[in-house]
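S.K.: Input structure: query.tsv, which contains TSV, C-alpha atoms and all ligand atoms.
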chain	number	residue	atom	x	y	z
V	1	MET	CA	24.11	-37.08	2.17
V	2	ASN	CA	21.90	-34.84	4.25
V	3	THR	CA	24.79	-32.45	4.76
V	4	LEU	CA	25.37	-32.37	1.00
V	5	LYS	CA	21.70	-31.59	0.39
V	6	LEU	CA	21.84	-28.80	2.93
V	7	VAL	CA	24.97	-27.33	1.33
V	8	VAL	CA	23.36	-27.46	-2.14
V	9	LYS	CA	20.24	-25.81	-0.77
V	10	LEU	CA	22.26	-23.06	0.91
V	11	VAL	CA	24.24	-22.44	-2.28
V	12	LEU	CA	21.00	-22.18	-4.27
V	13	ILE	CA	19.54	-19.74	-1.74
V	14	PHE	CA	22.74	-17.69	-1.92
V	15	ILE	CA	22.64	-17.60	-5.75
V	16	GLY	CA	18.98	-16.62	-5.61
V	17	TYR	CA	19.78	-13.84	-3.17
V	18	VAL	CA	22.69	-12.53	-5.26
V	19	SER	CA	20.62	-12.51	-8.47
V	20	TYR	CA	17.74	-10.85	-6.60
V	21	CYS	CA	20.07	-8.09	-5.43
V	22	GLN	CA	21.59	-7.73	-8.88
V	23	GLU	CA	18.14	-7.15	-10.33
V	24	LEU	CA	17.13	-4.57	-7.77
V	25	ASN	CA	16.32	-1.15	-9.16
V	26	ASP	CA	15.27	1.51	-6.70
V	27	GLY	CA	15.45	5.17	-5.86
V	28	PRO	CA	16.42	7.87	-6.27
V	29	TYR	CA	17.13	8.77	-2.66
V	30	VAL	CA	18.46	12.30	-2.27
V	31	PHE	CA	20.58	13.03	0.80
V	32	ILE	CA	21.44	16.47	2.08
V	33	GLU	CA	25.05	16.58	3.23
V	34	ASN	CA	26.09	20.01	4.44
V	35	LYS	CA	24.67	22.07	1.60
V	36	ASN	CA	25.17	19.43	-1.07
V	37	LEU	CA	22.61	17.12	-2.62
V	38	ILE	CA	23.84	13.56	-3.05
V	39	GLN	CA	21.60	11.28	-5.10
V	40	LYS	CA	21.81	7.51	-4.71
V	41	THR	CA	20.03	5.22	-7.12
V	42	ILE	CA	20.16	1.43	-7.23
V	43	VAL	CA	20.54	0.16	-10.80
V	44	ASP	CA	20.67	-3.62	-11.33
V	45	GLY	CA	21.76	-4.08	-7.75
V	46	LYS	CA	24.53	-1.46	-7.90
V	47	VAL	CA	24.49	1.86	-6.10
V	48	ILE	CA	25.07	4.84	-8.39
V	49	THR	CA	26.04	7.98	-6.49
V	50	LYS	CA	25.80	11.38	-8.09
V	51	LYS	CA	26.31	14.89	-6.75
V	52	LEU	CA	23.41	17.05	-7.93
V	53	LYS	CA	23.26	20.78	-8.51
V	54	ARG	CA	22.45	22.51	-5.24
V	55	SER	CA	19.33	23.91	-6.86
V	56	ALA	CA	18.03	20.51	-8.01
V	57	TYR	CA	15.72	20.20	-4.99
V	58	PRO	CA	14.64	22.50	-2.20
V	59	LYS	CA	16.27	21.82	1.16
V	60	THR	CA	13.47	23.26	3.23
V	61	PHE	CA	9.71	22.81	2.97
V	62	ALA	CA	7.30	25.14	4.73
V	63	PRO	CA	4.60	23.39	6.81
V	64	GLU	CA	1.46	22.75	4.79
V	65	MET	CA	-1.60	24.90	5.33
V	66	SER	CA	-4.33	23.10	7.27
V	67	THR	CA	-7.51	24.80	6.07
V	68	PHE	CA	-8.96	25.50	2.64
V	69	SER	CA	-12.33	26.86	1.54
V	70	GLY	CA	-14.20	27.52	-1.67
V	71	VAL	CA	-12.95	24.28	-3.24
V	72	LYS	CA	-15.34	23.04	-5.95
V	73	LYS	CA	-14.04	19.56	-6.66
V	74	MET	CA	-12.07	17.04	-4.66
V	75	ALA	CA	-10.82	13.51	-5.19
V	76	VAL	CA	-9.79	11.35	-2.25
V	77	LEU	CA	-8.10	8.01	-1.76
V	78	SER	CA	-5.93	6.35	0.85
V	79	ASP	CA	-3.89	3.37	1.96
V	80	ILE	CA	-1.92	2.84	-1.24
V	81	HIS	CA	0.68	0.81	0.70
V	82	GLY	CA	3.24	0.54	-2.09
V	83	GLN	CA	0.74	-0.51	-4.78
V	84	TYR	CA	1.99	2.10	-7.24
V	85	ASP	CA	0.88	0.31	-10.44
V	86	LEU	CA	-2.70	-0.07	-9.25
V	87	ALA	CA	-2.77	3.47	-7.86
V	88	ILE	CA	-1.72	5.02	-11.19
V	89	GLU	CA	-4.32	2.91	-13.00
V	90	ILE	CA	-7.04	4.25	-10.70
V	91	LEU	CA	-5.74	7.83	-10.96
V	92	MET	CA	-5.45	7.66	-14.75
V	93	ASN	CA	-8.87	6.10	-15.32
V	94	ASN	CA	-10.46	8.70	-13.08
V	95	GLY	CA	-8.78	11.65	-14.76
V	96	ILE	CA	-6.52	12.77	-11.92
V	97	ILE	CA	-3.42	12.14	-14.04
V	98	ASP	CA	-2.90	11.70	-17.77
V	99	LYS	CA	-1.12	8.88	-19.61
V	100	GLU	CA	2.26	10.54	-18.99
V	101	LEU	CA	1.44	10.64	-15.26
V	102	ASN	CA	1.03	14.41	-15.30
V	103	TRP	CA	-1.59	16.40	-13.35
V	104	ASN	CA	-4.93	16.32	-15.13
V	105	PHE	CA	-7.34	17.44	-12.40
V	106	GLY	CA	-7.25	21.18	-13.09
V	107	LYS	CA	-8.18	23.30	-10.10
V	108	GLY	CA	-9.30	20.24	-8.15
V	109	HIS	CA	-7.89	19.19	-4.80
V	110	PHE	CA	-6.55	15.63	-4.57
V	111	VAL	CA	-6.31	14.28	-1.02
V	112	ILE	CA	-4.36	11.18	0.01
V	113	VAL	CA	-5.50	10.27	3.48
V	114	GLY	CA	-2.28	8.55	4.55
V	115	ASP	CA	-0.51	5.19	4.41
V	116	ILE	CA	1.58	5.24	1.27
V	117	PHE	CA	4.33	3.41	3.14
V	118	ASP	CA	4.71	-0.28	4.04
V	119	ARG	CA	3.40	-3.65	2.87
V	120	GLY	CA	3.82	-3.24	-0.93
V	121	PRO	CA	6.95	-2.93	-3.12
V	122	LYS	CA	6.70	0.52	-4.75
V	123	VAL	CA	6.65	3.16	-2.07
V	124	ASN	CA	9.46	5.39	-3.34
V	125	GLU	CA	7.92	5.58	-6.83
V	126	MET	CA	4.62	6.70	-5.31
V	127	LEU	CA	6.24	9.36	-3.14
V	128	TRP	CA	8.10	10.90	-6.08
V	129	LEU	CA	4.92	10.84	-8.17
V	130	ILE	CA	3.03	12.75	-5.47
V	131	TYR	CA	5.98	15.11	-5.04
V	132	ARG	CA	5.83	15.94	-8.78
V	133	LEU	CA	2.03	16.13	-8.96
V	134	GLU	CA	2.03	18.54	-6.04
V	135	GLN	CA	4.09	21.06	-8.00
V	136	GLN	CA	2.18	20.54	-11.26
V	137	ALA	CA	-1.16	20.97	-9.46
V	138	LYS	CA	-0.03	24.27	-7.93
V	139	HIS	CA	0.78	25.65	-11.38
V	140	LYS	CA	-2.73	24.76	-12.54
V	141	GLY	CA	-4.49	26.23	-9.51
V	142	GLY	CA	-5.14	22.79	-8.00
V	143	HIS	CA	-3.69	21.17	-4.92
V	144	VAL	CA	-2.34	17.83	-3.72
V	145	HIS	CA	-2.68	17.06	-0.01
V	146	PHE	CA	-0.73	14.12	1.34
V	147	LEU	CA	-1.78	13.50	4.94
V	148	LEU	CA	0.38	11.35	7.17
V	149	GLY	CA	-1.08	8.04	8.34
V	150	ASN	CA	0.11	5.67	11.04
V	151	HIS	CA	2.48	3.94	8.59
V	152	GLU	CA	4.24	7.20	7.68
V	153	TYR	CA	4.79	7.84	11.38
V	154	MET	CA	5.89	4.24	11.93
V	155	VAL	CA	8.57	4.35	9.23
V	156	MET	CA	9.83	7.81	10.18
V	157	ARG	CA	9.98	6.67	13.81
V	158	ASN	CA	11.91	3.51	12.87
V	159	ASP	CA	9.14	0.98	13.41
V	160	LEU	CA	9.96	-1.19	10.41
V	161	ARG	CA	7.69	-4.21	11.02
V	162	TYR	CA	5.73	-3.81	7.78
V	163	VAL	CA	8.48	-2.76	5.36
V	164	HIS	CA	8.52	-4.80	2.11
V	165	GLU	CA	11.62	-7.01	1.77
V	166	ARG	CA	12.65	-5.09	-1.34
V	167	TYR	CA	13.44	-2.11	0.88
V	168	LEU	CA	15.38	-4.13	3.38
V	169	GLU	CA	17.63	-5.19	0.44
V	170	ALA	CA	17.83	-1.59	-0.74
V	171	GLY	CA	18.83	-0.51	2.75
V	172	GLN	CA	21.56	-3.13	2.85
V	173	LEU	CA	22.94	-2.04	-0.53
V	174	LEU	CA	22.91	1.60	0.58
V	175	ASN	CA	24.32	0.63	3.95
V	176	LEU	CA	21.53	2.45	5.75
V	177	GLU	CA	18.52	1.52	7.84
V	178	TYR	CA	15.24	1.98	5.99
V	179	ASP	CA	14.12	4.93	8.13
V	180	GLU	CA	17.40	6.69	7.27
V	181	LEU	CA	16.26	6.82	3.62
V	182	TYR	CA	13.57	9.24	4.81
V	183	ASP	CA	15.21	10.95	7.75
V	184	LYS	CA	15.55	14.70	8.18
V	185	ASN	CA	18.74	14.77	6.11
V	186	THR	CA	16.94	13.67	2.96
V	187	VAL	CA	14.80	15.65	0.50
V	188	LEU	CA	11.75	13.39	0.81
V	189	GLY	CA	12.25	13.17	4.57
V	190	ARG	CA	12.06	16.95	4.93
V	191	TRP	CA	9.13	17.05	2.52
V	192	LEU	CA	7.29	14.42	4.60
V	193	ARG	CA	7.98	16.40	7.76
V	194	SER	CA	6.14	19.38	6.27
V	195	LYS	CA	2.93	17.39	5.80
V	196	SER	CA	-0.25	17.59	7.87
V	197	THR	CA	-2.15	14.93	9.78
V	198	VAL	CA	-5.53	16.67	9.79
V	199	LEU	CA	-6.96	18.83	6.99
V	200	ARG	CA	-10.09	20.88	6.56
V	201	ILE	CA	-11.52	21.63	3.11
V	202	ASN	CA	-14.85	23.46	3.08
V	203	ASN	CA	-17.04	21.59	5.60
V	204	HIS	CA	-15.00	18.35	5.45
V	205	VAL	CA	-12.33	17.13	7.83
V	206	PHE	CA	-9.81	14.62	6.46
V	207	VAL	CA	-7.70	12.45	8.77
V	208	HIS	CA	-6.25	8.93	8.49
V	209	GLY	CA	-7.93	7.20	11.44
V	210	GLY	CA	-10.54	9.63	12.69
V	211	ILE	CA	-11.30	12.14	15.41
V	212	SER	CA	-12.69	10.38	18.47
V	213	GLN	CA	-14.75	11.71	21.35
V	214	ASP	CA	-11.99	10.50	23.65
V	215	PHE	CA	-9.42	12.62	21.78
V	216	LEU	CA	-11.73	15.63	21.85
V	217	SER	CA	-12.23	15.22	25.59
V	218	LYS	CA	-8.50	15.79	26.10
V	219	ILE	CA	-7.38	18.02	23.24
V	220	SER	CA	-9.10	21.13	21.97
V	221	PHE	CA	-9.65	20.81	18.24
V	222	ASP	CA	-7.29	23.31	16.67
V	223	ILE	CA	-6.07	21.77	13.40
V	224	ASP	CA	-2.96	23.93	13.14
V	225	VAL	CA	-1.90	23.08	16.67
V	226	ILE	CA	-2.56	19.35	16.19
V	227	ASN	CA	-0.54	19.29	12.96
V	228	GLU	CA	2.33	21.22	14.51
V	229	THR	CA	2.31	18.92	17.55
V	230	MET	CA	2.39	15.81	15.38
V	231	ARG	CA	5.18	17.21	13.20
V	232	ALA	CA	7.25	18.09	16.22
V	233	SER	CA	6.89	14.54	17.58
V	234	ILE	CA	8.42	12.72	14.61
V	235	ASP	CA	12.04	12.82	15.68
V	236	ILE	CA	11.50	12.57	19.42
V	237	SER	CA	12.20	9.21	21.09
V	238	LYS	CA	9.35	6.99	22.21
V	239	SER	CA	10.45	7.10	25.84
V	240	GLU	CA	10.44	10.89	25.81
V	241	LEU	CA	7.00	10.97	24.16
V	242	LYS	CA	5.72	8.44	26.68
V	243	SER	CA	6.89	10.47	29.66
V	244	THR	CA	3.72	12.57	29.35
V	245	GLU	CA	0.11	11.94	28.32
V	246	PHE	CA	1.10	12.95	24.81
V	247	TYR	CA	1.80	9.47	23.45
V	248	THR	CA	-1.53	7.97	24.51
V	249	ASN	CA	-3.48	11.02	23.39
V	250	TYR	CA	-1.95	11.40	19.93
V	251	TYR	CA	-0.47	7.98	19.10
V	252	GLY	CA	-2.92	5.84	21.05
V	253	LYS	CA	-5.89	3.79	19.85
V	254	THR	CA	-8.24	6.79	19.96
V	255	GLY	CA	-5.71	9.21	18.46
V	256	PRO	CA	-6.11	10.65	14.94
V	257	ILE	CA	-3.84	8.18	13.12
V	258	TRP	CA	-4.97	4.93	14.77
V	259	TYR	CA	-8.66	5.40	15.63
V	260	ARG	CA	-11.11	2.86	14.11
V	261	GLY	CA	-14.21	3.71	16.15
V	262	TYR	CA	-16.44	5.00	13.33
V	263	PHE	CA	-16.57	1.47	11.95
V	264	ASN	CA	-15.69	-0.78	14.86
V	265	ASP	CA	-17.45	0.81	17.84
V	266	ASP	CA	-21.19	0.91	18.27
V	267	LEU	CA	-21.56	4.66	17.94
V	268	GLU	CA	-24.92	6.42	17.86
V	269	HIS	CA	-25.80	9.26	15.54
V	270	ASN	CA	-25.53	11.50	18.60
V	271	ASP	CA	-21.89	10.54	19.04
V	272	ILE	CA	-21.09	11.37	15.43
V	273	ASP	CA	-23.02	14.65	15.66
V	274	ASP	CA	-21.05	15.51	18.78
V	275	VAL	CA	-17.75	14.95	16.93
V	276	LEU	CA	-18.95	16.94	13.92
V	277	SER	CA	-20.01	19.85	16.07
V	278	LYS	CA	-16.76	19.88	18.06
V	279	THR	CA	-14.72	19.74	14.85
V	280	ASN	CA	-16.97	22.35	13.26
V	281	SER	CA	-17.55	20.11	10.24
V	282	GLU	CA	-20.35	18.30	8.47
V	283	HIS	CA	-18.40	15.34	7.10
V	284	ILE	CA	-15.29	13.43	8.12
V	285	VAL	CA	-13.31	11.44	5.55
V	286	VAL	CA	-10.95	8.73	6.79
V	287	GLY	CA	-8.82	5.81	5.60
V	288	HIS	CA	-7.18	3.11	7.77
V	289	CYS	CA	-10.13	0.68	7.95
V	290	SER	CA	-10.26	-1.42	4.79
V	291	PHE	CA	-13.43	-2.14	2.80
V	292	ASP	CA	-14.09	-3.50	-0.70
V	293	GLU	CA	-15.09	-0.05	-1.94
V	294	VAL	CA	-15.39	3.55	-0.79
V	295	ILE	CA	-18.15	3.60	1.82
V	296	ARG	CA	-20.51	6.13	3.30
V	297	VAL	CA	-21.97	5.63	6.77
V	298	TYR	CA	-24.02	7.60	9.30
V	299	ASP	CA	-26.17	9.18	6.56
V	300	GLY	CA	-23.13	10.48	4.72
V	301	LYS	CA	-21.54	12.12	7.73
V	302	ILE	CA	-18.60	9.71	7.61
V	303	PHE	CA	-16.78	8.41	4.51
V	304	GLY	CA	-14.30	5.52	4.54
V	305	VAL	CA	-11.97	5.70	1.55
V	306	ASP	CA	-9.62	2.77	2.21
V	307	SER	CA	-10.86	0.54	-0.61
V	308	SER	CA	-8.21	-2.17	-0.07
V	309	ILE	CA	-5.73	-0.95	-2.70
V	310	LYS	CA	-3.16	-2.70	-0.50
V	311	LYS	CA	-4.24	-6.06	-1.94
V	312	GLY	CA	-3.05	-4.88	-5.36
V	313	GLU	CA	-6.23	-5.88	-7.18
V	314	TYR	CA	-8.89	-3.20	-6.93
V	315	GLY	CA	-9.47	0.24	-5.53
V	316	GLU	CA	-11.66	3.30	-5.74
V	317	ILE	CA	-11.52	7.04	-5.36
V	318	LEU	CA	-14.08	9.33	-3.71
V	319	PHE	CA	-15.21	12.36	-5.69
V	320	ILE	CA	-16.75	15.36	-3.96
V	321	GLU	CA	-18.06	17.80	-6.55
V	322	HIS	CA	-20.31	20.77	-5.80
V	323	GLY	CA	-21.67	19.02	-2.71
V	324	SER	CA	-22.33	15.68	-4.49
V	325	TYR	CA	-20.52	12.45	-3.78
V	326	TYR	CA	-19.49	9.68	-6.19
V	327	ARG	CA	-17.36	6.57	-6.13
V	328	GLY	CA	-14.83	6.45	-8.96
V	329	THR	CA	-14.22	2.79	-9.71
V	330	LYS	CA	-10.98	1.24	-10.96
V	331	ASP	CA	-12.05	1.54	-14.61
V	332	GLY	CA	-13.15	5.14	-14.09
V	333	THR	CA	-16.91	4.61	-13.95
V	334	LYS	CA	-18.57	7.08	-11.60
V	335	LYS	CA	-21.12	5.48	-9.30
V	336	GLU	CA	-23.60	7.20	-7.02
V	337	PHE	CA	-23.86	6.04	-3.44
V	338	GLU	CA	-26.94	3.93	-2.76
I	1	ZN	ZN	-3.55	3.00	8.66
I'd like the structure from this file rewritten - as structure tokens, please.
Ligand code: ZN

M.R.:
Amino acid sequence: MNTLKLVVKLVLIFIGYVSYCQELNDGPYVFIENKNLIQKTIVDGKVITKKLKRSAYPKTFAPEMSTFSGVKKMAVLSDIHGQYDLAIEILMNNGIIDKELNWNFGKGHFVIVGDIFDRGPKVNEMLWLIYRLEQQAKHKGGHVHFLLGNHEYMVMRNDLRYVHERYLEAGQLLNLEYDELYDKNTVLGRWLRSKSTVLRINNHVFVHGGISQDFLSKISFDIDVINETMRASIDISKSELKSTEFYTNYYGKTGPIWYRGYFNDDLEHNDIDDVLSKTNSEHIVVGHCSFDEVIRVYDGKIFGVDSSIKKGEYGEILFIEHGSYYRGTKDGTKKEFE
């Protein structure tokens, strides 16, 4: 009897799994094979493969510029973590995109301070949206900056602990490991590898975790060099990276993508001023530490923009316009900081 129950249960699980896979829709993923572009899309659980025109997507992406000045308006958010539906609601209500998901922020700069990957179910959709917005913004004199957070580095370096189960199924259907969907032989993989980790716009520094005093005691703060060093590390094995101080300095707890000290350590104003002076900035904007809303600490020297979008319920955007700061709420109401 117990054996029968077990068999029935297993059959039901199997049917559930099969119907789940049949319903799966995902992609596109575009692979670069020799000089050809091969697109794979999952439609109702089946992989559709199509050879694209060679001109359909670029095969190389120049490294992003690290420094911008004279920017009059900026919008910033972070830690989307696969919550595409909520993210587009926030972006639409705050005028960054229109109802057709096209760029609507004019000459503004839109900064995503990392962590699009992991946890939630719609990562690929978000990446393609940002990819498209980036080109549309350029045509309008604006700019999209997608900075890499610890979860981008984790996925690209094959640390798949936080990947949503939907993508493990997609990987199985495509017969590839999840990190291979974004490796250096894919369009989005090459695009990701052109992105920065640290960005300067006017007197603001943007970085996923933060710049710590410990980091600054070991590494001189040259944004271009830091970005190039981080880019170069993506496809190098952990053991090779760990053979020098590099891994602890850049990927450690006080490194730019993992640091949480602005919120978790008992820092004095002097410490923050020291970091600002060494980074030649007046404000630092970070994600990575989650709060219920966009927050401002240390008299507005530090902004935390991870407003817990990852929970899929609420989120905010930070506006920086002509030296003033506002929180853009989910419904698009602009609120001043208290
Ligand atoms: Zn993070």

S.K.: Could you state the separation of CA of Gly210 (chain V) and CA of Gly328 (chain V) in Å, given to one decimal place?

M.R.: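 Taking CA of Gly210 (chain V) and CA of Gly328 (chain V), their separation equals 22.3 Å.
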
S.K.: Could you list, as an MDAnalysis selection string, all residues that come within 9 Å of ligand ZN 1 (chain I)? Count only C-alpha atoms and all ligand atoms.

M.R.: chainID V and resid 78:79 114:115 149:152 208:209 257:259 287:290 306

S.K.: Return the single residue from V:Ala170, V:Val76, V:Asp98, V:Lys242 that is closest to Thr41 (chain V), with distances computed using all atoms listed in the file.

M.R.: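 The shortest atom-to-atom distance to Thr41 (chain V) comes from V:Ala170.
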
S.K.: Using all atoms listed in the file, determine which residues lie at most 8 Å from Lys310 (chain V), disregarding the query and same-chain residues fewer than 4 positions distant; provide the list as a list in words.

M.R.: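 That gives Asp79, Ile80, His81, Gly82, Gln83, Arg119 and Gly120 of chain V.
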
S.K.: Calculated over all atoms listed in the file, which of the candidates V:Glu125, V:Ala232, V:Ile88, V:Leu181 has the smallest distance to Lys40 (chain V)?

M.R.: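 Looking at the shortest contact to Lys40 (chain V), the residue is V:Leu181.
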
S.K.: How far is it from CA of Ser69 (chain V) to CA of Asn102 (chain V), in Å with one decimal?

M.R.: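 The value is 24.8 Å.
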
S.K.: To one decimal place in Å, what is the distance between CA of Asn93 (chain V) and CA of Asp299 (chain V)?

M.R.: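 Spanning CA of Asn93 (chain V) to CA of Asp299 (chain V) is a straight-line distance of 28.1 Å.
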
S.K.: Identify, on the basis of all atoms listed in the file, every residue whose closest approach to Tyr131 (chain V) does not exceed 9 Å; exclude the query and any residue fewer than 4 positions from it along the same chain; express the result as a list in words.

M.R.: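 Skipping anything fewer than 4 positions along the chain leaves Met126, Leu127, Gln135, Val144, Leu188 and Trp191 of chain V.
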
S.K.: Lys72 (chain V): which residues within 8 Å, counting all atoms listed in the file, same-chain residues fewer than 5 positions away excluded, as a PyMOL selection string?

M.R.: chain V and resi 108+321-322

S.K.: Can you pull out every residue within 9 Å of Gln39 (chain V), counting all atoms listed in the file, but drop anything in the same chain fewer than 2 positions away, and send it as a list in words?

M.R.: Gly27, Pro28, Tyr29, Val30, Phe31, Ile32, Leu37, Thr41, Ile48, Thr49, Lys50, Lys51 and Leu52 of chain V

S.K.: Which residue is closest to Ser277 (chain V)? Choose from V:Tyr162, V:Phe291, V:Phe221, V:Phe215 and count only C-alpha atoms.

M.R.: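 Looking at the shortest contact to Ser277 (chain V), the residue is V:Phe221.
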
S.K.: Out of V:Glu268, V:Asp235, V:Glu240, V:Glu228, which residue has the shortest atom-to-atom distance to Ala62 (chain V) when counting all atoms listed in the file?

M.R.: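 The closest residue to Ala62 (chain V) is V:Glu228.
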
S.K.: Would you pick out the contacts of Lys46 (chain V) at 10 Å or less, using only C-alpha atoms, so that residues sharing its chain but fewer than 5 positions from it are not included, and give the list as a short mmCIF file (atom, residue, chain, number, x, y, z; two decimals) with C-alpha atoms, keeping the file's coordinate frame?

M.R.:
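Below is the file that was written, result.cif:
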data_model
loop_
_atom_site.label_atom_id
_atom_site.label_comp_id
_atom_site.auth_asym_id
_atom_site.auth_seq_id
_atom_site.Cartn_x
_atom_site.Cartn_y
_atom_site.Cartn_z
CA CYS V 21 20.07 -8.09 -5.43
CA GLN V 22 21.59 -7.73 -8.88
CA GLU V 23 18.14 -7.15 -10.33
CA LEU V 24 17.13 -4.57 -7.77
CA ASN V 25 16.32 -1.15 -9.16
CA ASP V 26 15.27 1.51 -6.70
CA LYS V 40 21.81 7.51 -4.71
CA THR V 41 20.03 5.22 -7.12
CA ALA V 170 17.83 -1.59 -0.74
CA LEU V 173 22.94 -2.04 -0.53
CA LEU V 174 22.91 1.60 0.58
#

S.K.: Counting all atoms listed in the file, which residue out of V:Asp274, V:Asp179, V:Glu89, V:Glu245 sits closest to Tyr314 (chain V)?

M.R.: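 Closest residue, counting all atoms listed in the file: V:Glu89.
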
S.K.: For Phe146 (chain V), which residue among V:Ile116, V:Val123, V:Val111, V:Leu168 is the nearest when counting all atoms listed in the file?

M.R.: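 For Phe146 (chain V), the nearest of the candidates is V:Val111.
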
S.K.: Write out as JSON an axis-aligned box for region 94-113 of chain V: all of its atoms listed in the file, 3 Å added on each side, centre and edge lengths in Å with one decimal.

M.R.:
{"center_x": -4.1, "center_y": 16.0, "center_z": -8.1, "size_x": 18.7, "size_y": 20.6, "size_z": 29.1}

S.K.: Residues of region 43-76 of chain V that approach region 201-207 of chain V to 8 Å or less, counting all atoms listed in the file: could you list each one with the shortest pair of atoms and its distance in Å to one decimal, rows by chain and increasing residue number, as a Markdown table?

M.R.:
| residue | atom | partner | partner_atom | distance |
| --- | --- | --- | --- | --- |
| V:Thr67 | CA | V:Ile201 | CA | 5.9 |
| V:Phe68 | CA | V:Ile201 | CA | 4.7 |
| V:Ser69 | CA | V:Asn202 | CA | 4.5 |
| V:Gly70 | CA | V:Asn202 | CA | 6.3 |
| V:Val71 | CA | V:Asn202 | CA | 6.7 |

S.K.: List every protein, DNA or RNA residue that has an atom no more than 8 Å from (-12.2, 8.9, 21.2) in the file's coordinate frame, counting only C-alpha atoms, and report them as a PDB file with C-alpha atoms, keeping the file's coordinate frame.

M.R.:
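Full text of part-v6.pdb as output:
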ATOM      1  CA  ILE V 211     -11.300  12.140  15.410  1.00  0.00           C
ATOM      2  CA  SER V 212     -12.690  10.380  18.470  1.00  0.00           C
ATOM      3  CA  GLN V 213     -14.750  11.710  21.350  1.00  0.00           C
ATOM      4  CA  ASP V 214     -11.990  10.500  23.650  1.00  0.00           C
ATOM      5  CA  PHE V 215      -9.420  12.620  21.780  1.00  0.00           C
ATOM      6  CA  LEU V 216     -11.730  15.630  21.850  1.00  0.00           C
ATOM      7  CA  SER V 217     -12.230  15.220  25.590  1.00  0.00           C
ATOM      8  CA  THR V 254      -8.240   6.790  19.960  1.00  0.00           C
ATOM      9  CA  GLY V 255      -5.710   9.210  18.460  1.00  0.00           C
ATOM     10  CA  TYR V 259      -8.660   5.400  15.630  1.00  0.00           C
ATOM     11  CA  GLY V 261     -14.210   3.710  16.150  1.00  0.00           C
TER      12      GLY V 261
END

S.K.: N, CA, C and O atoms are needed for region 47-58 of chain V; please write them out as an mmCIF file, in the coordinates of the input.

M.R.:
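Contents of out.cif, freshly written:
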data_model
loop_
_atom_site.group_PDB
_atom_site.id
_atom_site.type_symbol
_atom_site.label_atom_id
_atom_site.label_comp_id
_atom_site.auth_asym_id
_atom_site.auth_seq_id
_atom_site.Cartn_x
_atom_site.Cartn_y
_atom_site.Cartn_z
ATOM 1 N N VAL V 47 24.818 0.501 -6.534
ATOM 2 C CA VAL V 47 24.490 1.860 -6.100
ATOM 3 C C VAL V 47 25.232 2.875 -6.950
ATOM 4 O O VAL V 47 26.455 2.830 -7.070
ATOM 5 N N ILE V 48 24.473 3.770 -7.594
ATOM 6 C CA ILE V 48 25.070 4.840 -8.390
ATOM 7 C C ILE V 48 24.943 6.138 -7.595
ATOM 8 O O ILE V 48 23.820 6.549 -7.264
ATOM 9 N N THR V 49 26.065 6.750 -7.290
ATOM 10 C CA THR V 49 26.040 7.980 -6.490
ATOM 11 C C THR V 49 26.377 9.172 -7.382
ATOM 12 O O THR V 49 27.296 9.099 -8.198
ATOM 13 N N LYS V 50 25.611 10.217 -7.227
ATOM 14 C CA LYS V 50 25.800 11.380 -8.090
ATOM 15 C C LYS V 50 25.598 12.649 -7.263
ATOM 16 O O LYS V 50 24.639 12.735 -6.489
ATOM 17 N N LYS V 51 26.495 13.600 -7.432
ATOM 18 C CA LYS V 51 26.310 14.890 -6.750
ATOM 19 C C LYS V 51 25.441 15.763 -7.652
ATOM 20 O O LYS V 51 25.758 15.981 -8.821
ATOM 21 N N LEU V 52 24.329 16.237 -7.123
ATOM 22 C CA LEU V 52 23.410 17.050 -7.930
ATOM 23 C C LEU V 52 23.726 18.533 -7.749
ATOM 24 O O LEU V 52 24.402 18.924 -6.801
ATOM 25 N N LYS V 53 23.204 19.329 -8.696
ATOM 26 C CA LYS V 53 23.260 20.780 -8.510
ATOM 27 C C LYS V 53 22.565 21.140 -7.219
ATOM 28 O O LYS V 53 21.521 20.555 -6.901
ATOM 29 N N ARG V 54 23.069 22.133 -6.514
ATOM 30 C CA ARG V 54 22.450 22.510 -5.240
ATOM 31 C C ARG V 54 21.012 22.964 -5.405
ATOM 32 O O ARG V 54 20.226 22.923 -4.471
ATOM 33 N N SER V 55 20.691 23.414 -6.620
ATOM 34 C CA SER V 55 19.330 23.910 -6.860
ATOM 35 C C SER V 55 18.373 22.814 -7.344
ATOM 36 O O SER V 55 17.204 23.081 -7.603
ATOM 37 N N ALA V 56 18.861 21.586 -7.451
ATOM 38 C CA ALA V 56 18.030 20.510 -8.010
ATOM 39 C C ALA V 56 16.758 20.263 -7.188
ATOM 40 O O ALA V 56 15.704 19.956 -7.738
ATOM 41 N N TYR V 57 16.889 20.372 -5.874
ATOM 42 C CA TYR V 57 15.720 20.200 -4.990
ATOM 43 C C TYR V 57 15.782 21.224 -3.876
ATOM 44 O O TYR V 57 16.876 21.618 -3.467
ATOM 45 N N PRO V 58 14.611 21.623 -3.379
ATOM 46 C CA PRO V 58 14.640 22.500 -2.200
ATOM 47 C C PRO V 58 15.201 21.733 -0.996
ATOM 48 O O PRO V 58 15.090 20.505 -0.942
#
